[in-house]
file upload-v8.pdb (PDB, C-alpha atoms)
ATOM      1  CA  MET T  23     -10.643  -4.168  15.276  1.00  0.00           C
ATOM      2  CA  SER T  24     -13.867  -3.864  13.255  1.00  0.00           C
ATOM      3  CA  SER T  25     -14.262  -6.304  10.374  1.00  0.00           C
ATOM      4  CA  GLU T  26     -15.873  -3.578   8.226  1.00  0.00           C
ATOM      5  CA  LYS T  27     -13.306  -2.203   5.791  1.00  0.00           C
ATOM      6  CA  PRO T  28     -12.572   1.484   6.421  1.00  0.00           C
ATOM      7  CA  VAL T  29     -11.839   4.052   3.717  1.00  0.00           C
ATOM      8  CA  LEU T  30      -8.087   3.668   3.184  1.00  0.00           C
ATOM      9  CA  ILE T  31      -7.616   6.147   0.313  1.00  0.00           C
ATOM     10  CA  ARG T  32      -9.813   9.227   0.567  1.00  0.00           C
ATOM     11  CA  GLU T  33     -11.349  11.076  -2.358  1.00  0.00           C
ATOM     12  CA  ASP T  34      -8.623  13.733  -2.105  1.00  0.00           C
ATOM     13  CA  GLY T  35      -5.949  11.045  -2.650  1.00  0.00           C
ATOM     14  CA  LEU T  36      -4.709  11.085   0.945  1.00  0.00           C
ATOM     15  CA  ARG T  37      -4.638   8.064   3.218  1.00  0.00           C
ATOM     16  CA  HIS T  38      -7.018   7.421   6.102  1.00  0.00           C
ATOM     17  CA  ASP T  39      -4.665   9.204   8.550  1.00  0.00           C
ATOM     18  CA  GLY T  40      -4.109  12.198   6.246  1.00  0.00           C
ATOM     19  CA  ARG T  41      -0.693  11.144   4.924  1.00  0.00           C
ATOM     20  CA  LYS T  42       0.325  11.254   1.285  1.00  0.00           C
ATOM     21  CA  PRO T  43       1.038   7.825  -0.282  1.00  0.00           C
ATOM     22  CA  ASP T  44       4.821   8.422  -0.118  1.00  0.00           C
ATOM     23  CA  GLN T  45       4.864   9.897   3.402  1.00  0.00           C
ATOM     24  CA  LEU T  46       6.363   8.271   6.502  1.00  0.00           C
ATOM     25  CA  ARG T  47       4.680   8.420   9.881  1.00  0.00           C
ATOM     26  CA  PRO T  48       6.337  10.702  12.454  1.00  0.00           C
ATOM     27  CA  ILE T  49       9.536   8.911  13.530  1.00  0.00           C
ATOM     28  CA  ARG T  50      11.445   9.297  16.798  1.00  0.00           C
ATOM     29  CA  MET T  51      14.758   7.638  17.684  1.00  0.00           C
ATOM     30  CA  GLU T  52      17.009   7.734  20.716  1.00  0.00           C
ATOM     31  CA  VAL T  53      20.049   5.651  21.658  1.00  0.00           C
ATOM     32  CA  GLY T  54      21.580   4.884  25.053  1.00  0.00           C
ATOM     33  CA  VAL T  55      18.224   4.682  26.828  1.00  0.00           C
ATOM     34  CA  LEU T  56      19.083   1.709  29.104  1.00  0.00           C
ATOM     35  CA  SER T  57      22.019   2.115  31.469  1.00  0.00           C
ATOM     36  CA  ASN T  58      22.370  -1.627  32.200  1.00  0.00           C
ATOM     37  CA  ALA T  59      22.749  -2.668  28.542  1.00  0.00           C
ATOM     38  CA  ASP T  60      25.906  -2.417  26.439  1.00  0.00           C
ATOM     39  CA  GLY T  61      23.813  -0.742  23.746  1.00  0.00           C
ATOM     40  CA  SER T  62      20.178   0.308  23.546  1.00  0.00           C
ATOM     41  CA  ALA T  63      17.721   2.257  21.455  1.00  0.00           C
ATOM     42  CA  ILE T  64      14.065   3.198  21.321  1.00  0.00           C
ATOM     43  CA  VAL T  65      12.347   3.788  17.988  1.00  0.00           C
ATOM     44  CA  GLU T  66       8.839   5.003  17.250  1.00  0.00           C
ATOM     45  CA  TYR T  67       7.135   4.756  13.854  1.00  0.00           C
ATOM     46  CA  GLY T  68       3.907   6.606  14.540  1.00  0.00           C
ATOM     47  CA  GLY T  69       2.012   4.559  17.133  1.00  0.00           C
ATOM     48  CA  THR T  70       4.508   1.671  17.000  1.00  0.00           C
ATOM     49  CA  LYS T  71       7.047   1.829  19.828  1.00  0.00           C
ATOM     50  CA  VAL T  72       9.985  -0.583  20.146  1.00  0.00           C
ATOM     51  CA  ILE T  73      12.864  -0.713  22.628  1.00  0.00           C
ATOM     52  CA  VAL T  74      16.004  -2.810  22.115  1.00  0.00           C
ATOM     53  CA  ALA T  75      18.817  -3.869  24.455  1.00  0.00           C
ATOM     54  CA  VAL T  76      22.113  -5.358  23.234  1.00  0.00           C
ATOM     55  CA  TYR T  77      24.580  -7.266  25.420  1.00  0.00           C
ATOM     56  CA  GLY T  78      28.019  -8.358  24.286  1.00  0.00           C
ATOM     57  CA  PRO T  79      30.225  -9.493  22.852  1.00  0.00           C
ATOM     58  CA  ARG T  80      30.351 -11.722  25.933  1.00  0.00           C
ATOM     59  CA  GLU T  81      31.001 -15.326  26.968  1.00  0.00           C
ATOM     60  CA  VAL T  82      28.622 -17.903  25.514  1.00  0.00           C
ATOM     61  CA  HIS T  83      26.354 -19.892  27.822  1.00  0.00           C
ATOM     62  CA  PRO T  84      25.830 -22.789  27.360  1.00  0.00           C
ATOM     63  CA  LYS T  85      29.348 -23.308  26.033  1.00  0.00           C
ATOM     64  CA  HIS T  86      28.457 -25.962  23.443  1.00  0.00           C
ATOM     65  CA  LEU T  87      26.811 -23.202  21.351  1.00  0.00           C
ATOM     66  CA  THR T  88      30.188 -21.452  20.925  1.00  0.00           C
ATOM     67  CA  LEU T  89      31.302 -20.819  17.337  1.00  0.00           C
ATOM     68  CA  PRO T  90      35.098 -21.047  16.883  1.00  0.00           C
ATOM     69  CA  ASP T  91      35.345 -18.566  13.991  1.00  0.00           C
ATOM     70  CA  ARG T  92      32.758 -15.885  14.743  1.00  0.00           C
ATOM     71  CA  ALA T  93      30.360 -14.437  17.261  1.00  0.00           C
ATOM     72  CA  LEU T  94      27.007 -16.104  17.841  1.00  0.00           C
ATOM     73  CA  ILE T  95      24.134 -13.655  17.408  1.00  0.00           C
ATOM     74  CA  ARG T  96      21.048 -14.422  19.444  1.00  0.00           C
ATOM     75  CA  CYS T  97      17.943 -12.365  18.843  1.00  0.00           C
ATOM     76  CA  ARG T  98      14.613 -12.342  20.655  1.00  0.00           C
ATOM     77  CA  TYR T  99      11.696 -10.395  19.190  1.00  0.00           C
ATOM     78  CA  HIS T 100       8.849 -10.152  21.691  1.00  0.00           C
ATOM     79  CA  MET T 101       5.562  -8.276  21.811  1.00  0.00           C
ATOM     80  CA  ALA T 102       4.623  -7.137  25.309  1.00  0.00           C
ATOM     81  CA  PRO T 103       1.217  -8.421  26.489  1.00  0.00           C
ATOM     82  CA  PHE T 104      -0.026  -4.811  26.621  1.00  0.00           C
ATOM     83  CA  SER T 105       1.275  -3.868  23.142  1.00  0.00           C
ATOM     84  CA  THR T 106      -1.968  -4.674  21.305  1.00  0.00           C
ATOM     85  CA  ILE T 107      -5.661  -3.871  21.851  1.00  0.00           C
ATOM     86  CA  ASP T 108      -6.383  -7.465  22.827  1.00  0.00           C
ATOM     87  CA  ARG T 109      -4.076  -8.701  25.579  1.00  0.00           C
ATOM     88  CA  LYS T 110      -1.424 -10.915  24.036  1.00  0.00           C
ATOM     89  CA  SER T 111      -0.234 -14.140  25.614  1.00  0.00           C
ATOM     90  CA  PRO T 112       3.280 -13.753  27.086  1.00  0.00           C
ATOM     91  CA  VAL T 113       4.225 -17.120  25.547  1.00  0.00           C
ATOM     92  CA  PRO T 114       6.290 -16.633  22.348  1.00  0.00           C
ATOM     93  CA  SER T 115       4.080 -17.088  19.296  1.00  0.00           C
ATOM     94  CA  ARG T 116       5.080 -18.729  16.007  1.00  0.00           C
ATOM     95  CA  ARG T 117       5.221 -15.222  14.466  1.00  0.00           C
ATOM     96  CA  GLU T 118       7.586 -13.958  17.183  1.00  0.00           C
ATOM     97  CA  ILE T 119       9.879 -16.956  16.709  1.00  0.00           C
ATOM     98  CA  GLU T 120       9.879 -16.388  12.928  1.00  0.00           C
ATOM     99  CA  LEU T 121      10.617 -12.651  13.242  1.00  0.00           C
ATOM    100  CA  SER T 122      13.408 -13.330  15.745  1.00  0.00           C
ATOM    101  CA  LYS T 123      15.050 -15.487  13.063  1.00  0.00           C
ATOM    102  CA  VAL T 124      14.432 -12.979  10.246  1.00  0.00           C
ATOM    103  CA  ILE T 125      15.868 -10.066  12.230  1.00  0.00           C
ATOM    104  CA  ARG T 126      18.858 -12.138  13.402  1.00  0.00           C
ATOM    105  CA  GLU T 127      19.731 -13.061   9.825  1.00  0.00           C
ATOM    106  CA  ALA T 128      19.518  -9.407   8.770  1.00  0.00           C
ATOM    107  CA  LEU T 129      21.844  -8.374  11.607  1.00  0.00           C
ATOM    108  CA  GLU T 130      24.310 -11.178  10.757  1.00  0.00           C
ATOM    109  CA  ALA T 131      24.692  -9.602   7.319  1.00  0.00           C
ATOM    110  CA  THR T 132      25.883  -6.305   8.784  1.00  0.00           C
ATOM    111  CA  ILE T 133      27.881  -7.173  11.945  1.00  0.00           C
ATOM    112  CA  PHE T 134      31.574  -8.111  11.646  1.00  0.00           C
ATOM    113  CA  THR T 135      31.028 -11.317  13.639  1.00  0.00           C
ATOM    114  CA  GLU T 136      34.441 -12.695  12.644  1.00  0.00           C
ATOM    115  CA  LEU T 137      36.105 -10.123  14.899  1.00  0.00           C
ATOM    116  CA  TYR T 138      34.638 -11.770  18.015  1.00  0.00           C
ATOM    117  CA  PRO T 139      35.028 -15.569  17.803  1.00  0.00           C
ATOM    118  CA  ARG T 140      33.754 -17.701  20.682  1.00  0.00           C
ATOM    119  CA  THR T 141      31.462 -14.947  21.986  1.00  0.00           C
ATOM    120  CA  THR T 142      27.774 -14.081  21.809  1.00  0.00           C
ATOM    121  CA  ILE T 143      25.927 -10.882  20.987  1.00  0.00           C
ATOM    122  CA  ASP T 144      22.439 -10.934  22.489  1.00  0.00           C
ATOM    123  CA  VAL T 145      19.730  -8.685  21.050  1.00  0.00           C
ATOM    124  CA  PHE T 146      16.438  -8.251  22.905  1.00  0.00           C
ATOM    125  CA  ILE T 147      13.649  -6.516  20.981  1.00  0.00           C
ATOM    126  CA  GLU T 148      10.553  -5.562  22.950  1.00  0.00           C
ATOM    127  CA  VAL T 149       7.501  -4.153  21.179  1.00  0.00           C
ATOM    128  CA  LEU T 150       5.861  -1.803  23.668  1.00  0.00           C
ATOM    129  CA  GLN T 151       3.045  -0.664  21.382  1.00  0.00           C
ATOM    130  CA  ALA T 152       2.025  -2.166  18.045  1.00  0.00           C
ATOM    131  CA  ASP T 153       0.451  -0.141  15.242  1.00  0.00           C
ATOM    132  CA  GLY T 154       1.908  -1.824  12.148  1.00  0.00           C
ATOM    133  CA  GLY T 155       5.529  -2.116  11.027  1.00  0.00           C
ATOM    134  CA  THR T 156       6.820  -3.724  14.225  1.00  0.00           C
ATOM    135  CA  ARG T 157       9.435  -5.856  12.428  1.00  0.00           C
ATOM    136  CA  THR T 158      10.829  -2.888  10.498  1.00  0.00           C
ATOM    137  CA  ALA T 159      10.877  -0.608  13.544  1.00  0.00           C
ATOM    138  CA  GLY T 160      12.388  -3.472  15.565  1.00  0.00           C
ATOM    139  CA  LEU T 161      15.166  -4.102  13.055  1.00  0.00           C
ATOM    140  CA  THR T 162      15.954  -0.391  12.767  1.00  0.00           C
ATOM    141  CA  ALA T 163      16.099  -0.106  16.571  1.00  0.00           C
ATOM    142  CA  ALA T 164      18.265  -3.252  16.809  1.00  0.00           C
ATOM    143  CA  SER T 165      20.757  -1.802  14.336  1.00  0.00           C
ATOM    144  CA  LEU T 166      20.963   1.408  16.347  1.00  0.00           C
ATOM    145  CA  ALA T 167      21.430  -0.510  19.611  1.00  0.00           C
ATOM    146  CA  VAL T 168      24.249  -2.600  18.092  1.00  0.00           C
ATOM    147  CA  ALA T 169      25.948   0.603  16.935  1.00  0.00           C
ATOM    148  CA  ASP T 170      25.428   2.109  20.395  1.00  0.00           C
ATOM    149  CA  ALA T 171      27.199  -0.941  21.888  1.00  0.00           C
ATOM    150  CA  GLY T 172      30.266  -0.062  19.785  1.00  0.00           C
ATOM    151  CA  ILE T 173      30.127  -3.285  17.786  1.00  0.00           C
ATOM    152  CA  PRO T 174      31.689  -2.815  14.305  1.00  0.00           C
ATOM    153  CA  MET T 175      29.158  -2.956  11.471  1.00  0.00           C
ATOM    154  CA  ARG T 176      29.338  -2.754   7.688  1.00  0.00           C
ATOM    155  CA  ASP T 177      26.534  -0.196   7.803  1.00  0.00           C
ATOM    156  CA  LEU T 178      23.436   0.694   9.775  1.00  0.00           C
ATOM    157  CA  VAL T 179      20.241  -1.089   8.775  1.00  0.00           C
ATOM    158  CA  ALA T 180      17.168   1.002   7.936  1.00  0.00           C
ATOM    159  CA  ALA T 181      13.836  -0.716   7.396  1.00  0.00           C
ATOM    160  CA  VAL T 182      10.312   0.192   6.310  1.00  0.00           C
ATOM    161  CA  ALA T 183       7.229  -1.531   4.889  1.00  0.00           C
ATOM    162  CA  VAL T 184       5.497  -0.632   1.636  1.00  0.00           C
ATOM    163  CA  GLY T 185       1.898  -1.686   1.183  1.00  0.00           C
ATOM    164  CA  LYS T 186      -0.825  -1.655  -1.432  1.00  0.00           C
ATOM    165  CA  VAL T 187      -4.176  -0.300  -0.271  1.00  0.00           C
ATOM    166  CA  ASP T 188      -7.150   0.212  -2.569  1.00  0.00           C
ATOM    167  CA  GLY T 189      -4.758  -0.361  -5.481  1.00  0.00           C
ATOM    168  CA  VAL T 190      -2.353   2.410  -4.379  1.00  0.00           C
ATOM    169  CA  LEU T 191       1.241   1.812  -3.233  1.00  0.00           C
ATOM    170  CA  VAL T 192       1.846   3.480   0.129  1.00  0.00           C
ATOM    171  CA  LEU T 193       4.912   3.933   2.338  1.00  0.00           C
ATOM    172  CA  ASP T 194       5.182   2.867   5.999  1.00  0.00           C
ATOM    173  CA  ILE T 195       1.833   1.156   6.484  1.00  0.00           C
ATOM    174  CA  ASP T 196       0.076   1.220   9.834  1.00  0.00           C
ATOM    175  CA  GLU T 197      -2.072  -1.468  11.452  1.00  0.00           C
ATOM    176  CA  VAL T 198      -5.284  -0.508   9.635  1.00  0.00           C
ATOM    177  CA  GLU T 199      -3.580  -0.531   6.230  1.00  0.00           C
ATOM    178  CA  ASP T 200      -1.872  -3.834   7.039  1.00  0.00           C
ATOM    179  CA  GLU T 201      -5.181  -5.379   8.110  1.00  0.00           C
ATOM    180  CA  PHE T 202      -7.276  -4.259   5.150  1.00  0.00           C
ATOM    181  CA  GLY T 203      -4.694  -3.702   2.394  1.00  0.00           C
ATOM    182  CA  GLU T 204      -3.888  -6.013  -0.501  1.00  0.00           C
ATOM    183  CA  ALA T 205      -0.129  -6.324   0.055  1.00  0.00           C
ATOM    184  CA  ASP T 206       2.566  -5.698   2.641  1.00  0.00           C
ATOM    185  CA  MET T 207       6.279  -5.690   1.757  1.00  0.00           C
ATOM    186  CA  PRO T 208       8.796  -5.111   4.584  1.00  0.00           C
ATOM    187  CA  ILE T 209      12.259  -4.253   3.291  1.00  0.00           C
ATOM    188  CA  ALA T 210      15.534  -3.462   5.058  1.00  0.00           C
ATOM    189  CA  MET T 211      18.782  -2.202   3.565  1.00  0.00           C
ATOM    190  CA  MET T 212      22.310  -1.167   4.334  1.00  0.00           C
ATOM    191  CA  PRO T 213      21.834   2.096   2.417  1.00  0.00           C
ATOM    192  CA  SER T 214      25.425   3.202   1.865  1.00  0.00           C
ATOM    193  CA  LEU T 215      26.249  -0.247   0.421  1.00  0.00           C
ATOM    194  CA  ASN T 216      22.969  -0.449  -1.510  1.00  0.00           C
ATOM    195  CA  GLN T 217      22.400  -3.968  -0.162  1.00  0.00           C
ATOM    196  CA  VAL T 218      19.070  -5.513   0.846  1.00  0.00           C
ATOM    197  CA  VAL T 219      19.209  -7.590   4.059  1.00  0.00           C
ATOM    198  CA  LEU T 220      15.487  -8.312   4.418  1.00  0.00           C
ATOM    199  CA  LEU T 221      12.713  -8.536   1.857  1.00  0.00           C
ATOM    200  CA  GLN T 222       9.358 -10.191   2.447  1.00  0.00           C
ATOM    201  CA  LEU T 223       6.066  -9.942   0.587  1.00  0.00           C
ATOM    202  CA  ASN T 224       2.636 -10.786   1.923  1.00  0.00           C
ATOM    203  CA  GLY T 225       0.053 -10.428  -0.843  1.00  0.00           C
ATOM    204  CA  VAL T 226       0.441  -9.971  -4.580  1.00  0.00           C
ATOM    205  CA  LEU T 227       2.204  -7.243  -6.576  1.00  0.00           C
ATOM    206  CA  SER T 228       2.665  -7.093 -10.331  1.00  0.00           C
ATOM    207  CA  ARG T 229       6.219  -6.861 -11.706  1.00  0.00           C
ATOM    208  CA  ASP T 230       5.751  -3.115 -12.308  1.00  0.00           C
ATOM    209  CA  GLU T 231       4.243  -2.568  -8.846  1.00  0.00           C
ATOM    210  CA  PHE T 232       7.148  -4.457  -7.272  1.00  0.00           C
ATOM    211  CA  LYS T 233       9.701  -2.180  -8.961  1.00  0.00           C
ATOM    212  CA  LYS T 234       7.776   0.921  -7.881  1.00  0.00           C
ATOM    213  CA  ALA T 235       7.457  -0.453  -4.337  1.00  0.00           C
ATOM    214  CA  ILE T 236      11.235  -0.906  -4.137  1.00  0.00           C
ATOM    215  CA  GLU T 237      11.743   2.702  -5.284  1.00  0.00           C
ATOM    216  CA  LEU T 238       9.205   3.936  -2.735  1.00  0.00           C
ATOM    217  CA  ALA T 239      10.843   1.912   0.032  1.00  0.00           C
ATOM    218  CA  ARG T 240      14.265   3.318  -0.866  1.00  0.00           C
ATOM    219  CA  LYS T 241      12.894   6.839  -0.498  1.00  0.00           C
ATOM    220  CA  GLY T 242      11.706   6.036   3.035  1.00  0.00           C
ATOM    221  CA  ILE T 243      14.856   4.109   3.924  1.00  0.00           C
ATOM    222  CA  ASP T 244      17.072   7.060   2.973  1.00  0.00           C
ATOM    223  CA  GLU T 245      15.100   9.308   5.339  1.00  0.00           C
ATOM    224  CA  ILE T 246      15.179   6.717   8.152  1.00  0.00           C
ATOM    225  CA  TYR T 247      18.942   6.281   7.620  1.00  0.00           C
ATOM    226  CA  ARG T 248      19.408  10.040   8.003  1.00  0.00           C
ATOM    227  CA  LEU T 249      17.431   9.979  11.274  1.00  0.00           C
ATOM    228  CA  GLU T 250      19.526   7.048  12.549  1.00  0.00           C
ATOM    229  CA  LYS T 251      22.752   8.949  11.976  1.00  0.00           C
ATOM    230  CA  GLU T 252      21.261  12.022  13.662  1.00  0.00           C
ATOM    231  CA  ALA T 253      20.314   9.944  16.728  1.00  0.00           C
ATOM    232  CA  LEU T 254      23.845   8.565  17.052  1.00  0.00           C
ATOM    233  CA  THR T 255      25.409  11.968  16.386  1.00  0.00           C
ATOM    234  CA  LYS T 256      23.249  13.550  19.097  1.00  0.00           C
ATOM    235  CA  LYS T 257      24.698  11.178  21.701  1.00  0.00           C
ATOM    236  CA  TYR T 258      28.310  10.849  20.604  1.00  0.00           C
ATOM    237  CA  LEU T 259      29.298  14.178  19.070  1.00  0.00           C
ATOM    238  CA  LYS T 260      29.427  17.248  21.251  1.00  0.00           C
ATOM    239  CA  TYR T 261      29.300  20.490  19.354  1.00  0.00           C
ATOM    240  CA  PRO T 262      30.724  23.709  20.872  1.00  0.00           C
ATOM    241  CA  GLU T 263      28.163  26.198  22.004  1.00  0.00           C
ATOM    242  CA  THR T 264      27.601  29.033  19.584  1.00  0.00           C
ATOM    243  CA  VAL T 265      28.282  32.518  20.840  1.00  0.00           C
TER     244      VAL T 265
END

call {"tool": "encode", "arguments": {"input": "upload-v8.pdb", "output": "structure tokens"}}
result
Amino acid sequence: MSSEKPVLIREDGLRHDGRKPDQLRPIRMEVGVLSNADGSAIVEYGGTKVIVAVYGPREVHPKHLTLPDRALIRCRYHMAPFSTIDRKSPVPSRREIELSKVIREALEATIFTELYPRTTIDVFIEVLQADGGTRTAGLTAASLAVADAGIPMRDLVAAVAVGKVDGVLVLDIDEVEDEFGEADMPIAMMPSLNQVVLLQLNGVLSRDEFKKAIELARKGIDEIYRLEKEALTKKYLKYPETV
């Protein structure tokens, strides 16, 4: 990517890709995309494409990792070598290890792990194409895949990132805005319970900007939550044909 800063907010107030500050990228979701997994989903936030496979609850290997009172959740976030412009090393990076932990902790907050003691639930997140927001798209896809596996959850998780570019708060930042913006705040919620399960901030926001960023994120999360429910409904509810 060029080191010269592009125009992020145009003179007409729109962003570099033509979106309004409070506008999501085009989003696509589908569940049940992998026949060999217990649950699976693919999610696209604009140019970011993520596929997730969930296996379990199943027997834990190695056995010494077994938890007597709840299921063990194991999560692997991985960016495919071809997911970025520059070929990425297939060896897990420090960032991938960190995001695996962050996403696992968010999922632990929503899954009823106590229902499945002495088992494991394995979540594999593969970023096929990266254009900003991979952790939020990955967490959203993981939540859908867990639901597709029939594992009881307190609520679906919907996630999005709010950024600040050229002093303007914007919803669902892409790679260019992440690279050249002043702040990036990924947030994930269980919307029906109004609970935050992930909140990170890279950069600096004032107290007022932080409050506005939360409000902006909630607007996007509500729309993503609606799309999640539509994706699950499309697979599991069969409507009679209209005459």

call {"tool": "atom_distance", "arguments": {"input": "upload-v8.pdb", "atom1": "CA of Leu193 in chain T", "atom2": "CA of Leu150 in chain T"}}
result
22.1 Å

call {"tool": "residues_around", "arguments": {"input": "upload-v8.pdb", "residues": "Ile243 in chain T", "least_positions_apart": "6", "cutoff": "8 Å", "atoms": "all atoms listed in the file", "output": "PDB file with C-alpha atoms, keeping the file's coordinate frame"}}
result
ATOM      1  CA  ALA T 180      17.168   1.002   7.936  1.00  0.00           C
ATOM      2  CA  ALA T 181      13.836  -0.716   7.396  1.00  0.00           C
ATOM      3  CA  VAL T 182      10.312   0.192   6.310  1.00  0.00           C
ATOM      4  CA  ALA T 210      15.534  -3.462   5.058  1.00  0.00           C
ATOM      5  CA  MET T 211      18.782  -2.202   3.565  1.00  0.00           C
ATOM      6  CA  PRO T 213      21.834   2.096   2.417  1.00  0.00           C
TER       7      PRO T 213
END

call {"tool": "residues_around", "arguments": {"input": "upload-v8.pdb", "residues": "range 125-127 of chain T", "least_positions_apart": "2", "cutoff": "9 Å", "atoms": "only C-alpha atoms", "output": "compact mmCIF listing (two decimals) with C-alpha atoms, keeping the file's coordinate frame"}}
result
# COMPACT_ATOMS: atom_id res chain seq x y z
CA ILE T 95 24.13 -13.66 17.41
CA ARG T 96 21.05 -14.42 19.44
CA CYS T 97 17.94 -12.36 18.84
CA ARG T 98 14.61 -12.34 20.66
CA TYR T 99 11.70 -10.40 19.19
CA GLU T 120 9.88 -16.39 12.93
CA LEU T 121 10.62 -12.65 13.24
CA SER T 122 13.41 -13.33 15.74
CA LYS T 123 15.05 -15.49 13.06
CA LEU T 129 21.84 -8.37 11.61
CA GLU T 130 24.31 -11.18 10.76
CA ALA T 131 24.69 -9.60 7.32
CA VAL T 145 19.73 -8.68 21.05
CA ARG T 157 9.44 -5.86 12.43
CA THR T 158 10.83 -2.89 10.50
CA GLY T 160 12.39 -3.47 15.56
CA LEU T 161 15.17 -4.10 13.06
CA ALA T 164 18.26 -3.25 16.81
CA VAL T 219 19.21 -7.59 4.06
CA LEU T 220 15.49 -8.31 4.42

call {"tool": "closest_residue", "arguments": {"input": "upload-v8.pdb", "among": "T:Glu148, T:Glu201, T:Glu33, T:Asp44", "to": "Ile64 in chain T", "atoms": "only C-alpha atoms"}}
result
T:Glu148

call {"tool": "resolve_selection", "arguments": {"input": "upload-v8.pdb", "expression": "the PyMOL selection byres ((chain T and resi 154) around 12)", "output": "PyMOL selection string"}}
result
chain T and resi 47+66-72+105-106+149+151-153+155-160+182-185+193-203+206-208

call {"tool": "write_last_selection", "arguments": {"input": "upload-v8.pdb", "atoms": "C-alpha atoms", "output": "PDB file, keeping the file's coordinate frame"}}
result
ATOM      1  CA  ARG T  47       4.680   8.420   9.881  1.00  0.00           C
ATOM      2  CA  GLU T  66       8.839   5.003  17.250  1.00  0.00           C
ATOM      3  CA  TYR T  67       7.135   4.756  13.854  1.00  0.00           C
ATOM      4  CA  GLY T  68       3.907   6.606  14.540  1.00  0.00           C
ATOM      5  CA  GLY T  69       2.012   4.559  17.133  1.00  0.00           C
ATOM      6  CA  THR T  70       4.508   1.671  17.000  1.00  0.00           C
ATOM      7  CA  LYS T  71       7.047   1.829  19.828  1.00  0.00           C
ATOM      8  CA  VAL T  72       9.985  -0.583  20.146  1.00  0.00           C
ATOM      9  CA  SER T 105       1.275  -3.868  23.142  1.00  0.00           C
ATOM     10  CA  THR T 106      -1.968  -4.674  21.305  1.00  0.00           C
ATOM     11  CA  VAL T 149       7.501  -4.153  21.179  1.00  0.00           C
ATOM     12  CA  GLN T 151       3.045  -0.664  21.382  1.00  0.00           C
ATOM     13  CA  ALA T 152       2.025  -2.166  18.045  1.00  0.00           C
ATOM     14  CA  ASP T 153       0.451  -0.141  15.242  1.00  0.00           C
ATOM     15  CA  GLY T 155       5.529  -2.116  11.027  1.00  0.00           C
ATOM     16  CA  THR T 156       6.820  -3.724  14.225  1.00  0.00           C
ATOM     17  CA  ARG T 157       9.435  -5.856  12.428  1.00  0.00           C
ATOM     18  CA  THR T 158      10.829  -2.888  10.498  1.00  0.00           C
ATOM     19  CA  ALA T 159      10.877  -0.608  13.544  1.00  0.00           C
ATOM     20  CA  GLY T 160      12.388  -3.472  15.565  1.00  0.00           C
ATOM     21  CA  VAL T 182      10.312   0.192   6.310  1.00  0.00           C
ATOM     22  CA  ALA T 183       7.229  -1.531   4.889  1.00  0.00           C
ATOM     23  CA  VAL T 184       5.497  -0.632   1.636  1.00  0.00           C
ATOM     24  CA  GLY T 185       1.898  -1.686   1.183  1.00  0.00           C
ATOM     25  CA  LEU T 193       4.912   3.933   2.338  1.00  0.00           C
ATOM     26  CA  ASP T 194       5.182   2.867   5.999  1.00  0.00           C
ATOM     27  CA  ILE T 195       1.833   1.156   6.484  1.00  0.00           C
ATOM     28  CA  ASP T 196       0.076   1.220   9.834  1.00  0.00           C
ATOM     29  CA  GLU T 197      -2.072  -1.468  11.452  1.00  0.00           C
ATOM     30  CA  VAL T 198      -5.284  -0.508   9.635  1.00  0.00           C
ATOM     31  CA  GLU T 199      -3.580  -0.531   6.230  1.00  0.00           C
ATOM     32  CA  ASP T 200      -1.872  -3.834   7.039  1.00  0.00           C
ATOM     33  CA  GLU T 201      -5.181  -5.379   8.110  1.00  0.00           C
ATOM     34  CA  PHE T 202      -7.276  -4.259   5.150  1.00  0.00           C
ATOM     35  CA  GLY T 203      -4.694  -3.702   2.394  1.00  0.00           C
ATOM     36  CA  ASP T 206       2.566  -5.698   2.641  1.00  0.00           C
ATOM     37  CA  MET T 207       6.279  -5.690   1.757  1.00  0.00           C
ATOM     38  CA  PRO T 208       8.796  -5.111   4.584  1.00  0.00           C
TER      39      PRO T 208
END

call {"tool": "atom_distance", "arguments": {"input": "upload-v8.pdb", "atom1": "CA of Ile147 in chain T", "atom2": "CA of Ile49 in chain T"}}
result
17.6 Å

call {"tool": "residues_around", "arguments": {"input": "upload-v8.pdb", "residues": "Gly54 in chain T", "least_positions_apart": "4", "cutoff": "12 Å", "atoms": "all atoms listed in the file", "output": "list of chain:residue names"}}
result
T:Asn58, T:Ala59, T:Asp60, T:Gly61, T:Ser62, T:Ala63, T:Ile64, T:Val65, T:Ile73, T:Val74, T:Ala75, T:Val76, T:Ala163, T:Leu166, T:Ala167, T:Val168, T:Ala169, T:Asp170, T:Ala171, T:Gly172, T:Ala253, T:Leu254, T:Thr255, T:Lys256, T:Lys257, T:Tyr258

call {"tool": "closest_residue", "arguments": {"input": "upload-v8.pdb", "among": "T:Ser57, T:Thr135, T:Ser115, T:Asn216", "to": "Arg240 in chain T", "atoms": "only C-alpha atoms"}}
result
T:Asn216

call {"tool": "resolve_selection", "arguments": {"input": "upload-v8.pdb", "expression": "the PyMOL selection byres ((chain T and resi 141) around 8)", "output": "list in words"}}
result
Gly78, Pro79, Arg80, Glu81, Val82, Thr88, Leu89, Arg92, Ala93, Leu94, Tyr138, Pro139, Arg140, Thr142 and Ile143 of chain T
